[in-house]
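Trainee: For reference, the file input.cif (mmCIF, C-alpha atoms) is included below:
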```cif
data_work
#
loop_
_atom_site.label_atom_id
_atom_site.label_comp_id
_atom_site.auth_asym_id
_atom_site.auth_seq_id
_atom_site.Cartn_x
_atom_site.Cartn_y
_atom_site.Cartn_z
CA MET E 1 73.94 91.68 69.36
CA THR E 2 73.51 89.46 72.41
CA ALA E 3 75.06 91.07 75.47
CA VAL E 4 78.36 89.54 76.56
CA LEU E 5 80.16 89.88 79.85
CA ARG E 6 83.39 91.18 78.38
CA PRO E 7 83.26 92.58 74.81
CA THR E 8 86.48 92.70 72.82
CA ALA E 9 88.11 96.09 72.32
CA GLU E 10 86.90 96.31 68.73
CA GLN E 11 83.34 95.60 69.87
CA GLN E 12 83.28 97.90 72.88
CA TYR E 13 84.94 100.83 71.11
CA ALA E 14 83.61 100.25 67.59
CA ALA E 15 82.15 103.77 67.36
CA GLU E 16 85.44 105.38 68.38
CA LEU E 17 87.45 103.25 65.95
CA GLU E 18 85.04 104.22 63.17
CA ALA E 19 85.24 107.91 64.08
CA VAL E 20 89.03 107.90 64.13
CA ALA E 21 89.18 106.02 60.81
CA ALA E 22 86.75 108.46 59.17
CA GLN E 23 89.06 111.41 59.87
CA ASP E 24 92.35 109.59 59.36
CA ASP E 25 93.91 111.06 56.21
CA ARG E 26 97.47 109.89 56.82
CA GLN E 27 99.28 107.02 55.12
CA ARG E 28 98.37 103.60 56.46
CA PRO E 29 100.82 100.68 56.35
CA PRO E 30 99.62 97.65 54.32
CA ASN E 31 96.58 95.96 55.92
CA TRP E 32 96.39 98.52 58.75
CA ARG E 33 92.95 99.90 59.60
CA LEU E 34 94.43 103.17 60.88
CA SER E 35 97.60 105.18 60.36
CA PRO E 36 100.23 104.98 63.13
CA ARG E 37 99.33 108.47 64.36
CA ALA E 38 95.64 107.58 64.47
CA VAL E 39 96.42 104.40 66.44
CA VAL E 40 98.16 106.56 69.06
CA THR E 41 95.15 108.91 69.17
CA TYR E 42 92.81 105.96 69.70
CA VAL E 43 94.97 104.52 72.50
CA LEU E 44 95.74 107.75 74.37
CA GLY E 45 92.49 109.55 73.64
CA GLY E 46 91.82 113.09 72.46
CA THR E 47 89.38 115.26 70.57
CA LEU E 48 89.04 114.85 66.82
CA ALA E 49 88.66 117.70 64.37
CA ASP E 50 84.87 117.28 64.30
CA GLY E 51 84.66 117.43 68.09
CA THR E 52 84.35 113.69 68.69
CA VAL E 53 85.92 112.79 72.02
CA ILE E 54 88.06 109.65 72.06
CA SER E 55 88.43 108.13 75.52
CA PRO E 56 91.92 107.20 76.75
CA LYS E 57 92.54 103.46 76.81
CA TYR E 58 96.00 103.74 78.35
CA VAL E 59 97.19 106.43 80.76
CA GLY E 60 100.93 106.87 80.45
CA SER E 61 103.80 108.26 78.40
CA ARG E 62 102.86 109.29 74.87
CA ARG E 63 106.38 108.63 73.67
CA LEU E 64 106.24 105.10 75.03
CA VAL E 65 103.07 104.38 73.02
CA GLU E 66 104.60 105.98 69.93
CA VAL E 67 107.64 103.72 70.22
CA ALA E 68 105.36 100.68 70.56
CA VAL E 69 103.33 101.65 67.48
CA GLY E 70 106.48 102.53 65.57
CA THR E 71 107.80 99.04 66.26
CA LEU E 72 104.70 97.46 64.73
CA VAL E 73 105.37 99.36 61.48
CA THR E 74 108.79 97.68 61.19
CA ASP E 75 109.60 94.00 60.72
CA ARG E 76 110.31 93.49 64.42
CA ALA E 77 107.88 92.10 66.95
CA LEU E 78 106.88 94.04 70.08
CA LEU E 79 107.44 92.81 73.64
CA LEU E 80 105.61 94.65 76.42
CA VAL E 81 107.31 94.06 79.76
CA GLY E 82 106.29 95.21 83.22
CA VAL E 83 105.29 94.10 86.67
CA PRO E 84 101.80 92.57 86.99
CA GLY E 85 98.98 95.06 86.61
CA THR E 86 100.74 97.60 84.37
CA ALA E 87 98.17 97.18 81.56
CA LYS E 88 100.35 95.07 79.25
CA SER E 89 97.47 92.88 78.06
CA TRP E 90 95.08 95.83 77.96
CA LEU E 91 97.46 97.84 75.76
CA SER E 92 98.23 94.89 73.47
CA GLU E 93 94.51 94.26 72.94
CA HIS E 94 93.79 97.86 71.99
CA LEU E 95 96.83 98.06 69.71
CA ALA E 96 95.66 94.91 67.90
CA ALA E 97 92.10 96.29 67.62
CA ALA E 98 93.32 99.60 66.19
CA VAL E 99 95.83 98.09 63.77
CA SER E 100 93.97 95.00 62.54
CA GLY E 101 90.40 95.45 63.73
CA ASP E 102 90.72 92.07 65.45
CA SER E 103 92.23 91.45 68.88
CA THR E 104 91.15 87.81 69.14
CA LEU E 105 94.17 86.08 67.59
CA VAL E 106 95.72 85.15 70.94
CA VAL E 107 98.15 82.51 72.16
CA GLN E 108 97.92 82.21 75.96
CA GLY E 109 101.26 81.31 77.50
CA THR E 110 101.17 78.73 80.30
CA ALA E 111 103.38 75.90 81.48
CA GLY E 112 101.16 73.61 79.40
CA THR E 113 101.31 75.57 76.13
CA SER E 114 102.45 73.22 73.36
CA GLU E 115 104.22 73.86 70.09
CA ASP E 116 101.02 72.93 68.22
CA GLN E 117 99.28 75.96 69.75
CA VAL E 118 101.97 78.18 68.27
CA ARG E 119 102.36 76.47 64.88
CA TYR E 120 99.42 74.29 63.82
CA GLY E 121 97.55 71.13 64.74
CA TRP E 122 95.63 68.42 62.94
CA ASN E 123 92.05 67.26 62.63
CA TYR E 124 92.89 63.66 63.46
CA ALA E 125 89.69 62.21 61.96
CA ARG E 126 90.57 63.73 58.60
CA LEU E 127 94.26 62.98 59.05
CA ILE E 128 93.49 59.27 59.47
CA ALA E 129 90.97 59.23 56.63
CA GLU E 130 92.82 61.39 54.10
CA GLY E 131 96.39 61.61 55.29
CA PRO E 132 98.21 64.95 55.65
CA SER E 133 96.35 67.61 53.69
CA GLU E 134 95.40 71.26 53.90
CA ASN E 135 91.87 70.25 54.87
CA ALA E 136 93.20 68.26 57.85
CA LEU E 137 95.34 71.17 59.03
CA VAL E 138 94.09 73.16 62.05
CA PRO E 139 95.67 76.62 61.93
CA SER E 140 96.92 78.30 65.09
CA PRO E 141 96.29 82.00 65.77
CA VAL E 142 99.84 82.62 64.54
CA MET E 143 99.16 80.90 61.22
CA LYS E 144 95.88 82.79 60.81
CA GLY E 145 97.63 86.08 61.51
CA MET E 146 100.29 85.32 58.91
CA GLN E 147 97.68 84.45 56.29
CA GLN E 148 95.47 87.47 57.04
CA GLY E 149 98.17 90.06 57.67
CA SER E 150 96.97 90.68 61.23
CA VAL E 151 98.42 91.31 64.67
CA VAL E 152 98.83 88.21 66.83
CA ARG E 153 98.92 88.59 70.61
CA VAL E 154 101.03 86.30 72.79
CA GLU E 155 100.09 86.57 76.46
CA GLU E 156 102.69 85.76 79.14
CA LEU E 157 105.36 84.63 76.69
CA THR E 158 107.82 83.70 79.44
CA ARG E 159 105.37 81.28 81.04
CA MET E 160 105.73 78.99 78.05
CA PRO E 161 108.42 76.29 78.14
CA SER E 162 111.63 77.53 76.52
CA GLU E 163 111.40 75.08 73.62
CA VAL E 164 107.90 76.35 72.81
CA GLN E 165 109.05 79.97 72.97
CA ASP E 166 111.69 79.19 70.37
CA SER E 167 108.96 78.12 67.93
CA PHE E 168 108.59 81.84 67.26
CA ILE E 169 112.16 82.30 66.03
CA THR E 170 111.57 81.25 62.42
CA VAL E 171 108.20 82.98 62.34
CA LEU E 172 109.70 86.29 63.48
CA SER E 173 112.94 86.16 61.49
CA GLU E 174 111.86 84.53 58.23
CA LYS E 175 108.19 85.56 58.37
CA SER E 176 107.34 82.01 57.36
CA LEU E 177 106.00 78.89 59.02
CA PRO E 178 107.25 75.58 57.62
CA VAL E 179 104.74 72.72 57.24
CA PRO E 180 107.05 69.77 56.53
CA GLU E 181 104.18 67.26 56.46
CA LEU E 182 102.86 69.02 53.33
CA ASN E 183 106.29 69.94 51.99
CA SER E 184 105.22 73.59 52.06
CA GLN E 185 105.33 76.73 54.14
CA ILE E 186 103.05 79.58 55.11
CA GLN E 187 104.49 82.97 54.19
CA ALA E 188 103.25 86.01 56.08
CA VAL E 189 101.48 88.75 54.16
CA PRO E 190 102.04 92.45 54.98
CA GLY E 191 100.47 93.56 58.23
CA PHE E 192 101.44 90.46 60.19
CA THR E 193 103.27 91.09 63.44
CA VAL E 194 103.36 89.84 67.02
CA ILE E 195 102.73 91.67 70.29
CA ALA E 196 103.92 89.63 73.28
CA THR E 197 103.63 90.40 76.99
CA ALA E 198 105.84 89.20 79.84
CA ASN E 199 106.64 89.92 83.46
CA ASP E 200 109.37 88.68 85.77
CA ARG E 201 107.57 88.95 89.09
CA ASP E 202 105.45 85.80 89.02
CA ARG E 203 106.69 82.31 89.68
CA GLY E 204 107.13 79.89 86.79
CA VAL E 205 108.91 82.34 84.49
CA ASN E 206 111.15 80.83 81.80
CA GLN E 207 114.08 82.91 80.59
CA MET E 208 113.88 83.87 76.92
CA SER E 209 116.74 82.72 74.73
CA SER E 210 118.96 85.47 73.36
CA ALA E 211 118.02 84.38 69.83
CA LEU E 212 114.34 85.04 70.53
CA ALA E 213 114.93 88.22 72.53
CA ARG E 214 116.83 89.76 69.59
CA ARG E 215 113.73 89.47 67.44
CA PHE E 216 111.67 91.68 69.74
CA ASN E 217 111.78 95.37 70.41
CA THR E 218 111.13 95.61 74.16
CA VAL E 219 109.03 98.38 75.70
CA VAL E 220 108.85 98.50 79.50
CA LEU E 221 105.51 99.62 80.93
CA PRO E 222 106.05 101.27 84.32
CA PRO E 223 103.48 101.52 87.09
CA PRO E 224 101.56 104.83 87.07
CA ALA E 225 104.04 107.59 87.83
CA THR E 226 101.85 109.59 90.19
CA GLU E 227 99.05 108.94 92.63
CA ASP E 228 96.70 111.16 90.61
CA ALA E 229 97.37 109.15 87.44
CA GLU E 230 96.68 105.88 89.21
CA VAL E 231 93.50 107.26 90.80
CA GLU E 232 92.27 108.32 87.35
CA ILE E 233 92.88 104.82 85.96
CA VAL E 234 91.13 103.11 88.87
CA ILE E 235 88.08 105.39 88.76
CA THR E 236 87.67 105.01 85.00
CA ARG E 237 87.97 101.22 84.98
CA ALA E 238 85.84 100.76 88.10
CA GLN E 239 83.05 102.82 86.55
CA GLN E 240 83.29 100.77 83.35
CA LEU E 241 83.11 97.53 85.33
CA GLY E 242 80.20 98.78 87.39
CA LYS E 243 78.28 99.61 84.22
CA ALA E 244 79.15 96.34 82.48
CA LEU E 245 78.15 94.28 85.54
CA GLN E 246 75.08 96.45 86.19
CA LEU E 247 76.04 96.96 89.82
CA PRO E 248 73.30 98.84 91.72
CA ALA E 249 75.81 101.19 93.35
CA GLU E 250 76.83 104.78 92.90
CA PRO E 251 80.14 105.51 91.12
CA PRO E 252 82.98 105.39 93.66
CA ALA E 253 83.79 108.62 95.45
CA LEU E 254 87.18 110.13 94.65
CA ASP E 255 88.25 110.09 98.32
CA GLU E 256 87.58 106.35 98.68
CA VAL E 257 89.52 105.50 95.54
CA ARG E 258 92.40 107.69 96.66
CA ARG E 259 92.58 105.89 100.01
CA VAL E 260 92.91 102.50 98.30
CA VAL E 261 95.47 103.77 95.81
CA ARG E 262 97.56 105.44 98.53
CA ILE E 263 97.60 102.28 100.65
CA PHE E 264 98.71 100.24 97.65
CA ARG E 265 101.41 102.73 96.64
CA GLU E 266 102.78 103.06 100.16
CA LEU E 267 103.03 99.30 100.68
CA ARG E 268 104.39 98.83 97.16
CA ASN E 269 107.09 101.48 97.67
CA GLY E 270 107.93 100.51 101.25
CA SER E 271 107.36 104.00 102.70
CA THR E 272 104.57 106.44 103.45
CA VAL E 273 103.76 109.15 100.95
CA ASP E 274 105.60 111.77 103.05
CA GLY E 275 108.68 109.53 103.31
CA ARG E 276 108.73 109.68 107.12
CA THR E 277 107.88 106.05 107.83
CA GLN E 278 109.59 103.04 106.29
CA LEU E 279 107.35 100.03 105.76
CA LYS E 280 107.80 96.35 105.07
CA LYS E 281 106.68 95.27 101.62
CA PRO E 282 104.14 92.46 101.19
CA SER E 283 104.79 89.52 98.90
CA GLY E 284 102.14 90.54 96.35
CA SER E 285 102.52 93.13 93.62
CA LEU E 286 99.59 95.33 94.75
CA SER E 287 99.06 96.40 91.17
CA THR E 288 96.68 98.95 89.75
CA ALA E 289 94.57 96.06 88.47
CA GLU E 290 94.17 94.79 92.04
CA ALA E 291 93.15 98.26 93.20
CA ILE E 292 90.44 98.26 90.53
CA SER E 293 89.30 94.87 91.80
CA VAL E 294 89.06 96.16 95.39
CA ILE E 295 86.89 99.07 94.28
CA ALA E 296 84.68 96.91 92.07
CA ASN E 297 84.21 94.37 94.86
CA GLY E 298 83.34 97.17 97.24
CA MET E 299 80.76 98.53 94.79
CA ALA E 300 79.17 95.07 94.58
CA LEU E 301 78.93 94.87 98.38
CA ALA E 302 77.56 98.41 98.62
CA GLY E 303 75.00 97.84 95.89
CA HIS E 304 73.68 94.45 96.96
CA PHE E 305 74.19 94.49 100.72
CA GLY E 306 74.44 98.16 101.64
CA ASP E 307 72.95 101.52 100.80
CA GLY E 308 74.65 101.76 97.41
CA THR E 309 77.44 104.07 98.57
CA LEU E 310 80.98 102.72 98.70
CA GLY E 311 82.54 103.21 102.13
CA ALA E 312 85.10 101.86 104.57
CA ASP E 313 83.15 98.72 105.45
CA GLU E 314 82.95 97.69 101.80
CA LEU E 315 86.65 98.36 101.16
CA ALA E 316 88.09 96.55 104.18
CA SER E 317 87.70 92.92 103.12
CA GLY E 318 88.99 93.63 99.61
CA LEU E 319 92.03 95.41 100.98
CA ILE E 320 92.88 92.56 103.33
CA GLY E 321 92.46 89.98 100.58
CA SER E 322 94.75 91.91 98.23
CA VAL E 323 97.52 92.56 100.75
CA ILE E 324 97.61 89.23 102.59
CA LYS E 325 98.71 86.59 100.09
CA ASP E 326 101.04 84.84 102.53
CA ARG E 327 99.11 84.24 105.75
CA VAL E 328 102.22 84.58 107.90
CA SER E 329 104.56 87.23 106.49
CA ASP E 330 101.92 89.42 104.85
CA ALA E 331 99.69 89.36 107.92
CA THR E 332 102.57 90.87 109.89
CA VAL E 333 103.13 93.52 107.23
CA TRP E 334 99.45 94.45 107.20
CA GLN E 335 99.18 94.60 110.99
CA GLU E 336 102.19 96.88 111.19
CA TYR E 337 100.70 99.17 108.53
CA LEU E 338 97.39 99.32 110.36
CA GLU E 339 98.95 100.32 113.66
CA THR E 340 101.70 102.67 112.45
CA VAL E 341 99.99 104.40 109.53
CA LEU E 342 96.24 103.86 109.25
CA LYS E 343 95.57 104.33 112.96
CA GLU E 344 97.48 107.61 113.05
CA ARG E 345 95.47 109.23 110.27
CA ALA E 346 92.47 110.76 112.03
CA GLU E 347 90.43 111.05 108.82
CA TRP E 348 90.99 107.34 108.14
CA ARG E 349 89.82 106.03 111.53
CA ASP E 350 86.66 104.57 109.95
CA LEU E 351 88.77 102.49 107.58
CA TYR E 352 91.08 101.45 110.41
CA ARG E 353 88.14 100.17 112.48
CA ALA E 354 86.57 98.46 109.45
CA CYS E 355 89.83 96.63 108.71
CA LEU E 356 90.11 95.49 112.33
CA ASP E 357 86.54 94.20 112.24
CA ALA E 358 87.08 92.44 108.90
CA SER E 359 90.21 90.70 110.14
CA GLY E 360 88.50 89.60 113.36
CA ASP E 361 90.78 91.64 115.67
#
```
Can you present the structure in this file as structure tokens?
Mentor:
Amino acid sequence: MTAVLRPTAEQQYAAELEAVAAQDDRQRPPNWRLSPRAVVTYVLGGTLADGTVISPKYVGSRRLVEVAVGTLVTDRALLLVGVPGTAKSWLSEHLAAAVSGDSTLVVQGTAGTSEDQVRYGWNYARLIAEGPSENALVPSPVMKGMQQGSVVRVEELTRMPSEVQDSFITVLSEKSLPVPELNSQIQAVPGFTVIATANDRDRGVNQMSSALARRFNTVVLPPPATEDAEVEIVITRAQQLGKALQLPAEPPALDEVRRVVRIFRELRNGSTVDGRTQLKKPSGSLSTAEAISVIANGMALAGHFGDGTLGADELASGLIGSVIKDRVSDATVWQEYLETVLKERAEWRDLYRACLDASGD
């Protein structure tokens, strides 16, 4: 297969999905590739009976993942909610890959998402030539999922206009999609369900109607509970990115990753890790995903413009770019953190100087 920049979950982890399926002897819901318990094993990782090691795709509460998978077994849709960077899209993709073997049935929510993208569209050349017909119909991912009995992913549901969001009400409650132009309807086959993601931190969020919200079972994904858990996530994903992008740099050292994660957590929480110093919070979310980006960017700089080893100089510009989103308020927050926290940590003096140099101070 031709190399691609970003394989889908079912492509990248095909061997693991096959290994889990081969030893999955539990009951599978209709049109599911794996049993619910096997889906959880694939997502959280573990060692199979034959010794095959399954890598963790999501680091977090097992019960939370079990509740999410349990929801997909029922007739209710799943809504994953959390602040930006809590792996909502990542988890939804892997759940879809494990359940249906296909994570590509996606509706991307934006302010410009139309009802046609949720329901169906038309091939206008055929529509003009033949009139309304099944051949002129262009199915949406939702329609395809209903016909195939597959999981459909809806990214950033609350970014869609409210009237477009409500297009899902009939689909989720009646499990059917009316096509009045053909005097017919599409009825979902077993296995069809929807996994939607949403956050309330970004601008442009549209409140869900109560009618739509009732048709979802909501699972809140929290940020990583501990620094060690977040460090593990960042190291794993940064190494994966480095390999996929063929960066000529060594894997990031644990100490460097921990420094980035601690800075993010302290600014995110508004206090130092020991609780002695209260800090102003920046306007950005400083998510785990952004920490991964800082490390990956640093690896690119180290590999192409340095000696291949990630250090303070490579981290500084990425840190500044992640923290300072508002050039006025965030610059003040960052300067205060530099002088009251970073400067006082003797073992972090190299990072302090690198950040001063990168900011031109």
Trainee: Taking 2 positions as the minimum chain separation for residues in the same chain, which residues sit within 9 Å of stretch 24-36 of chain E when counting only C-alpha atoms? Answer as a list in words.
Mentor: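 In the requested form, the answer reads Leu17, Ala19, Val20, Ala21, Ala22, Ala38, Val39, Val40, Thr41, Glu66, Val69, Gly70, Leu72, Val73, Ala97, Ala98, Val99, Ser100, Gly101, Gln148, Gly149, Ser150, Val189, Pro190, Gly191 and Phe192 of chain E.
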Trainee: Grab the atom CA of E:Thr113 to atom CA of E:Val83 distance for me, in Å with one decimal place.
Mentor: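 Separation between atom CA of E:Thr113 and atom CA of E:Val83: 21.7 Å.
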Trainee: One decimal, Å: what's the distance from atom CA of E:Leu5 over to atom CA of E:Gly303, could you say?
Mentor: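 Computed distance, atom CA of E:Leu5 to atom CA of E:Gly303, equals 18.6 Å.
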Trainee: Considering only C-alpha atoms, return as a PyMOL selection string whatever protein or nucleic-acid residues lie within 10 Å of E:Ile320, sequence-local ones (same chain, fewer than 6 positions apart) excluded.
Mentor: chain E and resi 294+330-331+334+355-356+358-359
Trainee: What is the distance, in Å and to one decimal place, between atom CA of E:Ser173 and atom CA of E:Arg215?
Mentor: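 Taking atom CA of E:Ser173 as the start and atom CA of E:Arg215 as the end point, the length is 6.9 Å.
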Trainee: Assuming the chain letters and numbering stay as they are in my file, what does the PyMOL selection byres ((chain E and resi 206) around 9) actually select? List them as JSON, numbers by chain.
Mentor: {"E": [157, 158, 159, 160, 161, 162, 200, 204, 205, 207, 208]}
Trainee: Decode the PyMOL selection byres ((chain E and resi 279) around 9) for the given file into explicit residues and return them as a list in words.
Mentor: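 Answer for the PyMOL selection byres ((chain E and resi 279) around 9): Glu266, Leu267, Asn269, Gly270, Ser271, Thr272, Thr277, Gln278, Lys280, Lys281, Val333, Glu336 and Tyr337 of chain E.
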Trainee: Go ahead and write the selection's residues with C-alpha atoms as an mmCIF file, keeping the file's coordinate frame.
Mentor:
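Generated output (out-v4.cif):
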```
data_model
loop_
_atom_site.group_PDB
_atom_site.id
_atom_site.type_symbol
_atom_site.label_atom_id
_atom_site.label_comp_id
_atom_site.auth_asym_id
_atom_site.auth_seq_id
_atom_site.Cartn_x
_atom_site.Cartn_y
_atom_site.Cartn_z
ATOM 1 C CA GLU E 266 102.780 103.060 100.160
ATOM 2 C CA LEU E 267 103.030 99.300 100.680
ATOM 3 C CA ASN E 269 107.090 101.480 97.670
ATOM 4 C CA GLY E 270 107.930 100.510 101.250
ATOM 5 C CA SER E 271 107.360 104.000 102.700
ATOM 6 C CA THR E 272 104.570 106.440 103.450
ATOM 7 C CA THR E 277 107.880 106.050 107.830
ATOM 8 C CA GLN E 278 109.590 103.040 106.290
ATOM 9 C CA LYS E 280 107.800 96.350 105.070
ATOM 10 C CA LYS E 281 106.680 95.270 101.620
ATOM 11 C CA VAL E 333 103.130 93.520 107.230
ATOM 12 C CA GLU E 336 102.190 96.880 111.190
ATOM 13 C CA TYR E 337 100.700 99.170 108.530
#
```
Trainee: Restricting the calculation to all atoms listed in the file, which member of E:His304, E:Val81, E:Trp90, E:Ala291 is positioned closest to E:Thr8?
Mentor: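 Closest to E:Thr8 of all the choices is E:Trp90.
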Trainee: To test your reading of the syntax: which residues would the PyMOL selection byres ((chain E and resi 308) around 12) return for the file shown? Reply as a PDB file with C-alpha atoms, keeping the file's coordinate frame.
Mentor:
```pdb
ATOM      1  CA  GLY E 242      80.200  98.780  87.390  1.00  0.00           C
ATOM      2  CA  LEU E 247      76.040  96.960  89.820  1.00  0.00           C
ATOM      3  CA  PRO E 248      73.300  98.840  91.720  1.00  0.00           C
ATOM      4  CA  ALA E 249      75.810 101.190  93.350  1.00  0.00           C
ATOM      5  CA  GLU E 250      76.830 104.780  92.900  1.00  0.00           C
ATOM      6  CA  PRO E 251      80.140 105.510  91.120  1.00  0.00           C
ATOM      7  CA  PRO E 252      82.980 105.390  93.660  1.00  0.00           C
ATOM      8  CA  ALA E 253      83.790 108.620  95.450  1.00  0.00           C
ATOM      9  CA  GLY E 298      83.340  97.170  97.240  1.00  0.00           C
ATOM     10  CA  MET E 299      80.760  98.530  94.790  1.00  0.00           C
ATOM     11  CA  ALA E 300      79.170  95.070  94.580  1.00  0.00           C
ATOM     12  CA  LEU E 301      78.930  94.870  98.380  1.00  0.00           C
ATOM     13  CA  ALA E 302      77.560  98.410  98.620  1.00  0.00           C
ATOM     14  CA  GLY E 303      75.000  97.840  95.890  1.00  0.00           C
ATOM     15  CA  HIS E 304      73.680  94.450  96.960  1.00  0.00           C
ATOM     16  CA  PHE E 305      74.190  94.490 100.720  1.00  0.00           C
ATOM     17  CA  GLY E 306      74.440  98.160 101.640  1.00  0.00           C
ATOM     18  CA  ASP E 307      72.950 101.520 100.800  1.00  0.00           C
ATOM     19  CA  THR E 309      77.440 104.070  98.570  1.00  0.00           C
ATOM     20  CA  LEU E 310      80.980 102.720  98.700  1.00  0.00           C
ATOM     21  CA  GLY E 311      82.540 103.210 102.130  1.00  0.00           C
ATOM     22  CA  GLU E 314      82.950  97.690 101.800  1.00  0.00           C
TER      23      GLU E 314
END
```
Trainee: Which residues come within 8 Å of E:Ser176, counting all atoms listed in the file, excluding same-chain residues fewer than 6 positions away, as number ranges by chain?
Mentor: E: 146, 170, 185-188
Trainee: Rebuild stretch 218-233 of chain E to N, CA and C atoms - output it as an mmCIF file, in the coordinates of the input, please.
Mentor:
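The file below, out.cif, is the result:
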```
data_model
loop_
_atom_site.group_PDB
_atom_site.id
_atom_site.type_symbol
_atom_site.label_atom_id
_atom_site.label_comp_id
_atom_site.auth_asym_id
_atom_site.auth_seq_id
_atom_site.Cartn_x
_atom_site.Cartn_y
_atom_site.Cartn_z
ATOM 1 N N THR E 218 111.739 95.653 72.828
ATOM 2 C CA THR E 218 111.130 95.610 74.160
ATOM 3 C C THR E 218 110.744 97.003 74.636
ATOM 4 N N VAL E 219 109.516 97.132 75.101
ATOM 5 C CA VAL E 219 109.030 98.380 75.700
ATOM 6 C C VAL E 219 108.590 98.052 77.123
ATOM 7 N N VAL E 220 109.163 98.742 78.092
ATOM 8 C CA VAL E 220 108.850 98.500 79.500
ATOM 9 C C VAL E 220 107.727 99.436 79.935
ATOM 10 N N LEU E 221 106.643 98.837 80.435
ATOM 11 C CA LEU E 221 105.510 99.620 80.930
ATOM 12 C C LEU E 221 105.666 99.809 82.436
ATOM 13 N N PRO E 222 105.888 101.028 82.886
ATOM 14 C CA PRO E 222 106.050 101.270 84.320
ATOM 15 C C PRO E 222 104.713 101.380 85.028
ATOM 16 N N PRO E 223 104.701 101.214 86.350
ATOM 17 C CA PRO E 223 103.480 101.520 87.090
ATOM 18 C C PRO E 223 103.144 103.000 86.930
ATOM 19 N N PRO E 224 101.908 103.410 87.193
ATOM 20 C CA PRO E 224 101.560 104.830 87.070
ATOM 21 C C PRO E 224 102.529 105.705 87.860
ATOM 22 N N ALA E 225 102.992 106.773 87.228
ATOM 23 C CA ALA E 225 104.040 107.590 87.830
ATOM 24 C C ALA E 225 103.584 108.351 89.062
ATOM 25 N N THR E 226 102.345 108.788 89.074
ATOM 26 C CA THR E 226 101.850 109.590 90.190
ATOM 27 C C THR E 226 100.586 108.980 90.764
ATOM 28 N N GLU E 227 100.278 109.397 91.982
ATOM 29 C CA GLU E 227 99.050 108.940 92.630
ATOM 30 C C GLU E 227 97.828 109.402 91.850
ATOM 31 N N ASP E 228 97.851 110.636 91.357
ATOM 32 C CA ASP E 228 96.700 111.160 90.610
ATOM 33 C C ASP E 228 96.445 110.338 89.354
ATOM 34 N N ALA E 229 97.527 109.947 88.663
ATOM 35 C CA ALA E 229 97.370 109.150 87.440
ATOM 36 C C ALA E 229 96.759 107.795 87.762
ATOM 37 N N GLU E 230 97.204 107.185 88.845
ATOM 38 C CA GLU E 230 96.680 105.880 89.210
ATOM 39 C C GLU E 230 95.224 105.986 89.666
ATOM 40 N N VAL E 231 94.892 107.038 90.382
ATOM 41 C CA VAL E 231 93.500 107.260 90.800
ATOM 42 C C VAL E 231 92.600 107.392 89.581
ATOM 43 N N GLU E 232 93.060 108.130 88.575
ATOM 44 C CA GLU E 232 92.270 108.320 87.350
ATOM 45 C C GLU E 232 92.006 106.980 86.663
ATOM 46 N N ILE E 233 93.033 106.129 86.600
ATOM 47 C CA ILE E 233 92.880 104.820 85.960
ATOM 48 C C ILE E 233 91.867 103.973 86.727
#
```
